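Colleague: Before I ask anything, let me first share the structure, which is written out below as structure tokens.
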Amino acid sequence: MKHPDFFRAALLAVAIAGLAACAKQDATGGPVAAASATAFPLPVLGAAPEWKLKDVNGAVVSSEQFKGKVLGVDFWATWCGPCRMEIPGYVELQNKYGKDGFVMVGVSMDQEGPAVVKSFVEKYAVPYQMVMNDDAVTAAFGPIDAIPTTFLIDREGKVRDRKVGAEATADYEKKIASLLN
């Protein structure tokens with residue numbers, strides 16, 4: 001059953017919303033310029049916690065090693081579909097922005113231990129650092145209620161973004177670029 005009045009009303013609402021957006025003005029009465037998609041400030045969410053974790057080979061990796069870098073810290077697991085979908089994008093971003101000071105670190109939540117993560121890293125040629133989580137680090141970052149949960153930390157050690165769930169690589173790239181500039 002069709003409801004033409006409903007569809008007309010919906011189209012009218014969309015048109016009015018579109019006109020309202022076009023009609024925005026600044027203090028002088030002139031039109032407001034549209035903000036650049038890459039020129040947005042990320043809020044400071046607080047200081048990033050310090051941490052020490054073991055990588056898949058048993059070597060200790062610490063947050064100290066990444067001071068002065070823009071750091072992505074991704075809590076993930078090999079069995080998590082959305083986590084696995086994001087990793088190729090993180091590989092791309094690490095390769096593209098590593099020379100500019102971006103570092104990605106994967107924090108595996110896998111209970112099976114480092115062997116399963118090491119196998120995953122080798123199979124999919126993940127070039128960035130992978131470490132094994134512990135409860136103290138999870139607590140330090142705050143509750144990790146779902147994975148993937150990814151934190152973006154600026155060069156001064158401040159958390160600037162916390163995302164839960166997968167995000168398009170192009171959208172995440174904008175956040176990274178804003179902190180590298």
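Naming scheme: A, B, ... for chains in displayed order of the structure tokens; residues 1 onward per chain; ligands 1 onward as shown.
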Set out as JSON lines a contact list for range 52-89 of chain A and range 116-121 of chain A with a cut-off of 8 Å, giving each residue of range 52-89 of chain A that qualifies its closest atom pair and distance in Å to one decimal, counting only C-alpha atoms, ordered by chain and rising residue number.

Modeller:
{"residue": "A:Val56", "atom": "CA", "partner": "A:Lys118", "partner_atom": "CA", "distance": 5.7}
{"residue": "A:Asn57", "atom": "CA", "partner": "A:Lys118", "partner_atom": "CA", "distance": 7.9}
{"residue": "A:Thr78", "atom": "CA", "partner": "A:Val117", "partner_atom": "CA", "distance": 6.8}

Colleague: For Gly72 in chain A, which of A:Val44, A:Ile144, A:Val107, A:Met132 is the closest residue, counting only C-alpha atoms?

Modeller: A:Val107

Colleague: Please measure the separation of CA of Gly142 in chain A and CA of Tyr97 in chain A, giving the value in Å to one decimal.

Modeller: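 Between CA of Gly142 in chain A and CA of Tyr97 in chain A the gap works out to 27.2 Å.
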
Colleague: Please identify all polymer residues within 12 Å of Glu167 in chain A, counting only C-alpha atoms, omitting same-chain residues fewer than 4 positions from it, and present them as a PyMOL selection string.

Modeller: chain A and resi 82-87+89-90+147-150+162-163+171-175

Colleague: Residues as selected, N, CA, C and O atoms, written as a compact mmCIF listing (two decimals), in the first residue's frame, can you do that?

Modeller:
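Saved result, selection_17.txt, follows:
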# COMPACT_ATOMS: atom_id res chain seq x y z
N PRO A 82 34.76 -7.91 12.62
CA PRO A 82 35.02 -6.48 12.35
C PRO A 82 36.49 -6.10 12.58
O PRO A 82 37.02 -5.25 11.87
N CYS A 83 37.13 -6.74 13.55
CA CYS A 83 38.56 -6.48 13.78
C CYS A 83 39.37 -6.87 12.55
O CYS A 83 40.22 -6.10 12.09
N ARG A 84 39.10 -8.04 12.05
CA ARG A 84 39.83 -8.55 10.88
C ARG A 84 39.58 -7.69 9.65
O ARG A 84 40.47 -7.51 8.83
N MET A 85 38.38 -7.15 9.54
CA MET A 85 38.05 -6.29 8.39
C MET A 85 38.84 -4.98 8.43
O MET A 85 39.16 -4.43 7.39
N GLU A 86 39.13 -4.47 9.62
CA GLU A 86 39.84 -3.20 9.74
C GLU A 86 41.35 -3.31 9.53
O GLU A 86 41.99 -2.33 9.16
N ILE A 87 41.91 -4.46 9.79
CA ILE A 87 43.37 -4.60 9.76
C ILE A 87 43.99 -4.22 8.42
O ILE A 87 45.00 -3.51 8.41
N GLY A 89 43.14 -1.94 6.42
CA GLY A 89 43.16 -0.48 6.43
C GLY A 89 44.24 0.06 7.35
O GLY A 89 44.93 1.03 7.02
N TYR A 90 44.41 -0.57 8.51
CA TYR A 90 45.47 -0.15 9.43
C TYR A 90 46.85 -0.39 8.82
O TYR A 90 47.77 0.41 8.99
N ILE A 147 35.00 -5.21 21.00
CA ILE A 147 36.14 -5.05 20.11
C ILE A 147 35.65 -5.06 18.68
O ILE A 147 34.62 -5.67 18.40
N PRO A 148 36.32 -4.36 17.82
CA PRO A 148 37.51 -3.55 18.09
C PRO A 148 37.17 -2.27 18.84
O PRO A 148 36.13 -1.66 18.62
N THR A 149 38.07 -1.90 19.73
CA THR A 149 38.07 -0.58 20.36
C THR A 149 39.46 -0.01 20.09
O THR A 149 40.46 -0.66 20.42
N THR A 150 39.50 1.16 19.49
CA THR A 150 40.76 1.74 19.06
C THR A 150 40.91 3.15 19.61
O THR A 150 39.98 3.96 19.51
N ARG A 162 38.45 7.74 20.67
CA ARG A 162 38.17 6.38 21.13
C ARG A 162 37.00 5.90 20.30
O ARG A 162 35.91 6.45 20.37
N LYS A 163 37.27 4.91 19.47
CA LYS A 163 36.18 4.39 18.65
C LYS A 163 35.91 2.94 19.02
O LYS A 163 36.83 2.18 19.29
N ASP A 171 37.75 7.43 6.76
CA ASP A 171 37.32 8.27 7.88
C ASP A 171 38.39 8.29 8.98
O ASP A 171 38.68 9.33 9.56
N TYR A 172 38.97 7.14 9.26
CA TYR A 172 40.00 7.08 10.30
C TYR A 172 41.27 7.81 9.83
O TYR A 172 41.96 8.44 10.63
N GLU A 173 41.54 7.74 8.55
CA GLU A 173 42.69 8.43 7.99
C GLU A 173 42.61 9.94 8.24
O GLU A 173 43.61 10.59 8.54
N LYS A 174 41.43 10.50 8.14
CA LYS A 174 41.24 11.93 8.39
C LYS A 174 41.64 12.28 9.82
O LYS A 174 42.25 13.33 10.07
N LYS A 175 41.29 11.43 10.75
CA LYS A 175 41.65 11.67 12.16
C LYS A 175 43.16 11.63 12.35
O LYS A 175 43.73 12.49 13.03

Colleague: What lies within 9 Å of Glu156 in chain A using only C-alpha atoms, ignoring chain neighbours under 4 positions off, as a ChimeraX atom specification?

Modeller: /A:47,67-70

Colleague: Write to file, as a compact mmCIF listing (two decimals), in the first residue's frame, the residues of the selection just made, with C-alpha atoms.

Modeller:
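This went into selection.txt:
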# COMPACT_ATOMS: atom_id res chain seq x y z
CA ALA A 47 46.05 11.45 29.19
CA LYS A 67 56.64 9.06 22.73
CA GLY A 68 56.47 11.85 20.15
CA LYS A 69 54.53 9.67 17.71
CA VAL A 70 50.86 9.63 16.77
